[in-house]
>>> print(open('structure_33.txt').read())   # compact mmCIF, C-alpha atoms
# COMPACT_ATOMS: atom_id res chain seq x y z
CA MET A 1 149.73 104.25 27.16
CA TYR A 2 153.16 105.00 28.68
CA LYS A 3 152.71 108.62 27.88
CA ILE A 4 149.49 108.72 29.87
CA LEU A 5 151.11 107.00 32.88
CA PHE A 6 154.07 109.39 32.82
CA GLY A 7 151.67 112.27 32.56
CA ILE A 8 149.72 111.14 35.67
CA LEU A 9 152.97 110.60 37.63
CA PHE A 10 154.25 113.98 36.63
CA GLY A 11 150.98 115.60 37.70
CA VAL A 12 151.10 113.90 41.10
CA PHE A 13 154.74 114.88 41.61
CA LEU A 14 154.01 118.45 40.63
CA THR A 15 151.04 118.70 43.00
CA LEU A 16 153.06 117.29 45.93
CA SER A 17 156.00 119.62 45.25
CA VAL A 18 153.72 122.68 45.03
CA THR A 19 152.04 121.70 48.30
CA PHE A 20 155.39 121.23 50.04
CA LEU A 21 156.66 124.56 48.81
CA TRP A 22 153.42 126.34 49.84
CA ARG A 23 153.55 124.90 53.38
CA THR A 24 157.26 125.62 53.91
CA TYR A 25 157.58 129.10 52.41
CA TRP A 26 154.33 130.87 51.45
CA LEU A 27 152.15 129.80 54.41
CA ARG A 28 154.55 131.39 56.92
CA ASP A 29 154.25 134.68 55.12
CA TYR A 30 150.47 134.71 55.52
CA VAL A 31 150.30 133.33 59.08
CA SER A 32 153.20 134.88 60.91
CA ASN A 33 152.21 133.97 64.54
CA LEU A 34 151.83 130.27 64.19
CA PRO A 35 152.94 128.55 67.45
CA LYS A 36 156.14 126.89 67.16
CA ILE A 37 156.01 123.36 68.37
CA GLU A 38 158.99 122.99 70.58
CA LYS A 39 160.20 119.88 72.10
CA ILE A 40 159.18 119.72 75.77
CA SER A 41 161.68 118.35 78.20
CA ASP A 42 160.79 115.59 80.66
CA THR A 43 161.10 117.83 83.72
CA SER A 44 158.74 120.39 82.28
CA LYS A 45 156.33 117.59 81.35
CA ILE A 46 156.35 116.40 84.94
CA ALA A 47 155.85 119.96 86.19
CA ILE A 48 152.94 120.44 83.83
CA GLN A 49 151.41 117.14 84.91
CA GLN A 50 151.87 118.10 88.57
CA SER A 51 150.22 121.45 88.04
CA ILE A 52 147.34 119.81 86.17
CA MET A 53 146.96 117.36 89.06
CA GLN A 54 146.96 120.24 91.56
CA ILE A 55 144.33 122.08 89.54
CA LYS A 56 142.21 118.93 89.36
CA LEU A 57 142.60 118.35 93.11
CA SER A 58 141.71 121.91 94.00
CA SER A 59 138.66 121.86 91.73
CA ALA A 60 137.62 118.54 93.23
CA ASN A 61 138.00 120.00 96.72
CA PHE A 62 135.96 123.03 95.74
CA ASP A 63 133.26 120.85 94.20
CA GLU A 64 133.14 118.72 97.32
CA LYS A 65 132.85 121.77 99.57
CA PHE A 66 130.20 123.26 97.34
CA ILE A 67 128.18 120.03 97.34
CA SER A 68 128.54 119.62 101.11
CA ILE A 69 127.39 123.21 101.73
CA ASN A 70 124.42 122.60 99.45
CA LYS A 71 123.59 119.45 101.36
CA ARG A 72 123.82 121.27 104.71
CA LEU A 73 121.56 124.01 103.36
CA ASP A 74 119.09 121.39 102.15
CA ASP A 75 119.18 119.68 105.55
CA PHE A 76 118.68 123.00 107.29
CA LEU A 77 115.70 123.88 105.09
CA VAL A 78 114.11 120.45 105.40
CA PHE A 79 114.54 120.24 109.17
CA GLY A 80 113.52 123.87 109.60
CA GLY A 81 110.37 123.19 107.58
CA ILE A 82 109.61 120.10 109.62
CA ILE A 83 110.16 121.98 112.89
CA ILE A 84 107.94 124.89 111.79
CA THR A 85 105.21 122.48 110.65
CA LEU A 86 105.40 120.63 113.95
CA LEU A 87 105.23 123.89 115.90
CA LEU A 88 102.19 124.98 113.91
CA ALA A 89 100.54 121.61 114.40
CA ILE A 90 101.22 121.77 118.14
CA THR A 91 99.84 125.32 118.36
CA VAL A 92 96.67 124.42 116.45
CA SER A 93 96.12 121.26 118.46
CA VAL A 94 96.67 123.13 121.74
CA TYR A 95 94.23 125.82 120.61
CA LEU A 96 91.56 123.30 119.63
CA LYS A 97 92.14 121.24 122.74
CA THR A 98 91.91 124.33 124.95
CA GLU A 99 88.72 125.46 123.23
CA SER A 100 87.06 122.08 123.70
CA GLU A 101 88.33 121.83 127.28
CA VAL A 102 87.04 125.30 128.14
CA ASN A 103 83.66 124.50 126.59
CA LYS A 104 83.56 121.22 128.50
CA HIS A 105 84.51 122.94 131.74
CA PHE A 106 81.88 125.63 131.26
CA GLU A 107 79.23 123.07 130.41
CA GLU A 108 80.16 121.00 133.45
CA LYS A 109 80.40 123.82 135.97
CA PHE A 110 78.04 126.46 134.63
CA GLY A 111 75.81 124.55 132.21
CA ASP A 112 72.92 124.46 134.64
CA HIS A 113 73.22 128.16 135.41
CA ILE A 114 73.36 129.06 131.73
CA LYS A 115 70.39 126.85 130.95
CA ARG A 116 68.45 128.35 133.81
CA MET A 117 69.30 131.88 132.69
CA ALA A 118 68.25 131.04 129.14
CA ASP A 119 65.00 129.57 130.41
CA TYR A 120 64.32 132.67 132.51
CA GLU A 121 65.09 134.88 129.53
CA LYS A 122 62.75 132.91 127.35
CA GLU A 123 60.04 132.91 130.01
CA ALA A 124 60.37 136.65 130.44
CA GLY A 125 60.23 137.07 126.67
CA ILE A 126 57.04 135.01 126.47
CA LEU A 127 55.43 137.12 129.19
CA LEU A 128 56.56 140.34 127.50
CA GLY A 129 55.13 139.17 124.19
CA LYS A 130 51.83 138.31 125.81
CA ILE A 131 51.68 141.65 127.60
CA LYS A 132 52.49 143.54 124.42
CA THR A 133 49.84 141.70 122.43
CA SER A 134 47.23 142.18 125.14
CA LEU A 135 48.03 145.89 125.34
CA PHE A 136 47.88 146.20 121.57
CA LYS A 137 44.52 144.47 121.52
CA ILE A 138 43.16 146.57 124.38
CA GLU A 139 44.42 149.81 122.85
CA SER A 140 43.00 148.98 119.43
CA ALA A 141 39.67 147.92 120.96
CA ASN A 142 39.38 151.00 123.20
CA PHE A 143 40.59 153.51 120.65
CA ILE A 144 37.13 154.77 119.56
CA PRO A 145 35.38 154.33 122.95
CA ASP A 146 38.24 156.18 124.62
CA GLN A 147 37.72 159.14 122.33
CA GLN A 148 34.01 158.96 122.96
CA THR A 149 34.53 158.84 126.71
CA THR A 150 36.90 161.78 126.61
CA GLN A 151 34.42 163.74 124.52
CA SER A 152 31.56 162.90 126.90
CA GLU A 153 33.75 163.79 129.88
CA THR A 154 34.51 167.22 128.42
CA GLU A 155 30.85 167.78 127.65
CA ASN A 156 29.94 166.86 131.23
CA GLU A 157 32.59 169.22 132.57
CA GLN A 158 31.29 172.05 130.38
CA SER A 159 27.70 171.42 131.50
CA THR A 160 28.71 171.43 135.17
CA THR A 161 30.62 174.67 134.76
CA ASN A 162 27.71 176.25 132.92
CA GLY A 163 25.01 174.86 135.18
CA MET B 1 42.47 138.24 98.97
CA SER B 2 45.86 137.33 100.26
CA LYS B 3 48.38 134.90 98.83
CA VAL B 4 47.83 132.39 101.64
CA GLN B 5 44.12 132.30 101.08
CA GLN B 6 44.63 131.75 97.38
CA MET B 7 47.00 128.86 97.93
CA ASP B 8 45.57 126.98 100.89
CA ASN B 9 42.20 128.59 101.48
CA PRO B 10 42.57 128.28 105.27
CA GLU B 11 39.43 128.39 107.33
CA LEU B 12 39.45 130.09 110.70
CA ASN B 13 38.09 127.54 113.12
CA LEU B 14 39.08 126.14 116.49
CA GLU B 15 40.40 122.94 115.02
CA ASN B 16 42.90 124.76 112.80
CA LEU B 17 43.89 127.05 115.64
CA PHE B 18 44.55 124.18 118.06
CA GLU B 19 46.56 122.42 115.38
CA ILE B 20 48.75 125.50 114.90
CA LYS B 21 49.00 125.98 118.67
CA SER B 22 50.24 122.44 119.21
CA LYS B 23 52.69 122.84 116.34
CA VAL B 24 54.03 126.08 117.81
CA GLU B 25 54.35 124.54 121.27
CA ASN B 26 56.12 121.46 119.92
CA ASN B 27 58.31 123.59 117.64
CA THR B 28 57.14 121.81 114.49
CA ALA B 29 55.38 124.77 112.92
CA THR B 30 56.54 125.82 109.47
CA SER B 31 56.59 129.28 107.95
CA LYS B 32 53.35 128.40 106.15
CA ASP B 33 51.66 127.83 109.52
CA TYR B 34 52.82 131.24 110.70
CA GLU B 35 51.58 132.82 107.49
CA LYS B 36 48.26 131.10 108.01
CA LEU B 37 48.07 132.43 111.57
CA ASP B 38 48.93 135.90 110.38
CA TYR B 39 46.10 135.65 107.87
CA PHE B 40 43.69 134.55 110.61
CA LEU B 41 44.63 137.64 112.60
CA SER B 42 43.03 139.83 109.95
CA ALA B 43 39.71 138.73 111.47
CA VAL B 44 40.56 140.73 114.61
CA ASN B 45 42.24 143.62 112.75
CA MET B 46 45.75 142.40 113.60
CA SER B 47 46.95 141.43 110.15
CA GLY B 48 50.75 141.35 109.84
CA TYR B 49 51.20 141.77 113.59
CA ILE B 50 53.38 138.65 114.06
CA LEU B 51 55.60 139.36 111.05
CA ASN B 52 56.09 142.96 112.16
CA ASN B 53 57.24 141.83 115.57
CA ILE B 54 59.51 139.19 114.07
CA LYS B 55 61.11 141.87 111.92
CA GLU B 56 61.35 144.25 114.89
CA ARG B 57 63.36 141.64 116.77
CA GLY B 58 65.81 141.27 113.91
CA TYR B 59 64.80 137.91 112.47
CA GLY B 60 63.58 139.16 109.11
CA THR B 61 61.56 136.12 108.09
CA TYR B 62 59.57 133.35 109.70
CA GLN B 63 62.17 130.85 108.58
CA SER B 64 65.02 132.62 110.39
CA TYR B 65 62.93 132.58 113.56
CA ILE B 66 62.24 128.86 113.07
CA ASN B 67 65.96 128.24 112.58
CA GLU B 68 66.71 130.13 115.78
CA ARG B 69 64.22 128.02 117.68
CA ASN B 70 65.76 124.87 116.24
CA SER B 71 69.32 125.76 117.28
CA LEU B 72 70.20 123.39 120.07
CA SER B 73 73.20 124.98 121.78
CA LEU B 74 72.26 127.57 124.37
CA LEU B 75 75.60 129.34 124.03
CA THR B 76 75.28 129.89 120.28
CA ARG B 77 71.73 131.19 120.41
CA LYS B 78 71.31 134.78 119.35
CA ASP B 79 68.72 136.09 121.71
CA ASN B 80 66.64 133.98 124.07
CA LEU B 81 64.52 136.96 125.10
CA SER B 82 63.51 137.75 121.52
CA GLU B 83 62.77 134.14 120.80
CA GLY B 84 60.53 133.94 123.87
CA PHE B 85 59.01 137.30 123.06
CA ILE B 86 57.85 136.16 119.63
CA LEU B 87 56.65 132.87 121.06
CA GLY B 88 54.61 134.83 123.62
CA ILE B 89 53.17 137.00 120.86
CA ILE B 90 52.18 133.96 118.82
CA THR B 91 50.57 132.15 121.75
CA GLU B 92 48.71 135.28 122.81
CA CYS B 93 47.47 135.82 119.26
CA ILE B 94 46.20 132.25 119.22
CA SER B 95 44.42 132.81 122.52
CA ILE B 96 42.89 136.07 121.19
CA LEU B 97 41.64 134.23 118.12
CA THR B 98 40.30 131.39 120.28
CA ASN B 99 38.43 133.87 122.47
CA PHE B 100 37.11 135.58 119.36
CA LEU B 101 35.79 132.31 117.95
CA THR B 102 34.28 131.09 121.22
CA SER B 103 32.58 134.46 121.88
CA ASN B 104 31.15 134.48 118.34
CA ASN B 105 29.88 130.93 118.68
>>> encode(input="structure_33.txt", output="structure tokens")
Amino acid sequence: MYKILFGILFGVFLTLSVTFLWRTYWLRDYVSNLPKIEKISDTSKIAIQQSIMQIKLSSANFDEKFISINKRLDDFLVFGGIIITLLLAITVSVYLKTESEVNKHFEEKFGDHIKRMADYEKEAGILLGKIKTSLFKIESANFIPDQQTTQSETENEQSTTNG
Amino acid sequence: MSKVQQMDNPELNLENLFEIKSKVENNTATSKDYEKLDYFLSAVNMSGYILNNIKERGYGTYQSYINERNSLSLLTRKDNLSEGFILGIITECISILTNFLTSNN
């Protein structure tokens, strides 16, 4: 029993001693550029802290400026969009209003004249249609008699010249 | 035998003519009425005369002419002269057919 306990203790001691030796001597041979942890003085600590603070401040300032520029750009785009939309709406409304006003004005001032002209046009068209149809009917009715009359006229002329 | 005759078998008489005339004057005539009138015109050797004139004036079909007559605004109308012209042709055709019927009777 004692032998086993001594054996375990010896094994532990051996493992620890080998580890210590490996870290102190052999590890440095393999990793030559390990940073050496030096003791930092208080003044340098303060300087480092100050520089870190300055870096943080400057980055904060930059972030703030960046955010504010973004906000201004957003405002510009939003207001620009609103202004353009309003301008378009005004233009369309003015156009529609003008169109309706012009139509109203024309109907008020010249509606009677236009109506009268349209009525005259229509009346003239009706008369033209009637004339055309009558002519068509007369021409189609007199087509054969016309030929007959022309033939009889030529025969009469020939007989008079001969006789 | 034409399509109209097969469908409706219209009879050329004064009653039918006056009915069509009143419909044309009151602007309630349909394209079927015009087709019927065009069919009646074959009795006086004027078959297709109305449709030809409608096409000549750029309307194409009876329905387009009816639509033109139904348009209310004077400013948007296509051609008042053509509209009147076709109306004159239709009324004159009706009067020709009326004369034809009365002279035959």
>>> residues_around(input="structure_33.txt", residues="region 78-91 of chain B", least_positions_apart="6", cutoff="9 Å", atoms="only C-alpha atoms", output="ChimeraX atom specification")
/A:118-134 /B:21,24-25,34,37,49-50,53-54,57-58,65,68-69
>>> atom_distance(input="structure_33.txt", atom1="CA of Tyr62 (chain B)", atom2="CA of Asp33 (chain B)")
9.6 Å
>>> atom_distance(input="structure_33.txt", atom1="CA of Ser31 (chain B)", atom2="CA of Leu135 (chain A)")
25.5 Å
>>> atom_distance(input="structure_33.txt", atom1="CA of Ile67 (chain A)", atom2="CA of Ile52 (chain A)")
22.2 Å
>>> residues_around(input="structure_33.txt", residues="Lys36 (chain B)", least_positions_apart="3", cutoff="7 Å", atoms="all atoms listed in the file", output="ChimeraX atom specification")
/B:4,10,32-33,39-40
>>> closest_residue(input="structure_33.txt", among="B:Lys55, B:Leu101, B:Glu19, B:Ile96", to="chain A", atoms="all atoms listed in the file")
B:Ile96
>>> closest_residue(input="structure_33.txt", among="B:Thr61, B:Val44, B:Asn104, B:Ile66", to="chain A", atoms="all atoms listed in the file")
B:Val44
>>> residues_around(input="structure_33.txt", residues="Asn99 (chain B)", least_positions_apart="4", cutoff="12 Å", atoms="only C-alpha atoms", output="list in words")
Asn13, Leu14, Leu17, Val44, Glu92, Cys93, Ile94, Ser95, Ser103, Asn104 and Asn105 of chain B
>>> build_atoms(input="structure_33.txt", residues="region 75-86 of chain A", atoms="N, CA, C and O atoms", output="compact mmCIF listing (two decimals), in the frame of the given file")
# COMPACT_ATOMS: atom_id res chain seq x y z
N ASP A 75 119.55 120.25 104.24
CA ASP A 75 119.18 119.68 105.55
C ASP A 75 118.53 120.73 106.43
O ASP A 75 117.50 120.49 107.07
N PHE A 76 119.19 121.92 106.45
CA PHE A 76 118.68 123.00 107.29
C PHE A 76 117.25 123.38 106.88
O PHE A 76 116.37 123.53 107.73
N LEU A 77 117.04 123.50 105.57
CA LEU A 77 115.70 123.88 105.09
C LEU A 77 114.67 122.80 105.40
O LEU A 77 113.55 123.10 105.86
N VAL A 78 115.07 121.55 105.16
CA VAL A 78 114.11 120.45 105.40
C VAL A 78 113.77 120.36 106.88
O VAL A 78 112.59 120.33 107.26
N PHE A 79 114.81 120.36 107.73
CA PHE A 79 114.54 120.24 109.17
C PHE A 79 113.82 121.47 109.71
O PHE A 79 112.95 121.36 110.57
N GLY A 80 114.21 122.63 109.20
CA GLY A 80 113.52 123.87 109.60
C GLY A 80 112.05 123.80 109.23
O GLY A 80 111.18 124.15 110.04
N GLY A 81 111.77 123.33 108.01
CA GLY A 81 110.37 123.19 107.58
C GLY A 81 109.61 122.22 108.45
O GLY A 81 108.47 122.50 108.85
N ILE A 82 110.28 121.11 108.77
CA ILE A 82 109.61 120.10 109.62
C ILE A 82 109.33 120.69 111.00
O ILE A 82 108.23 120.53 111.55
N ILE A 83 110.33 121.41 111.54
CA ILE A 83 110.16 121.98 112.89
C ILE A 83 109.03 123.01 112.89
O ILE A 83 108.17 123.01 113.79
N ILE A 84 109.00 123.87 111.85
CA ILE A 84 107.94 124.89 111.79
C ILE A 84 106.56 124.24 111.67
O ILE A 84 105.60 124.63 112.33
N THR A 85 106.49 123.20 110.82
CA THR A 85 105.21 122.48 110.65
C THR A 85 104.76 121.86 111.97
O THR A 85 103.59 121.93 112.35
N LEU A 86 105.73 121.24 112.66
CA LEU A 86 105.40 120.63 113.95
C LEU A 86 104.92 121.67 114.95
O LEU A 86 103.95 121.45 115.68
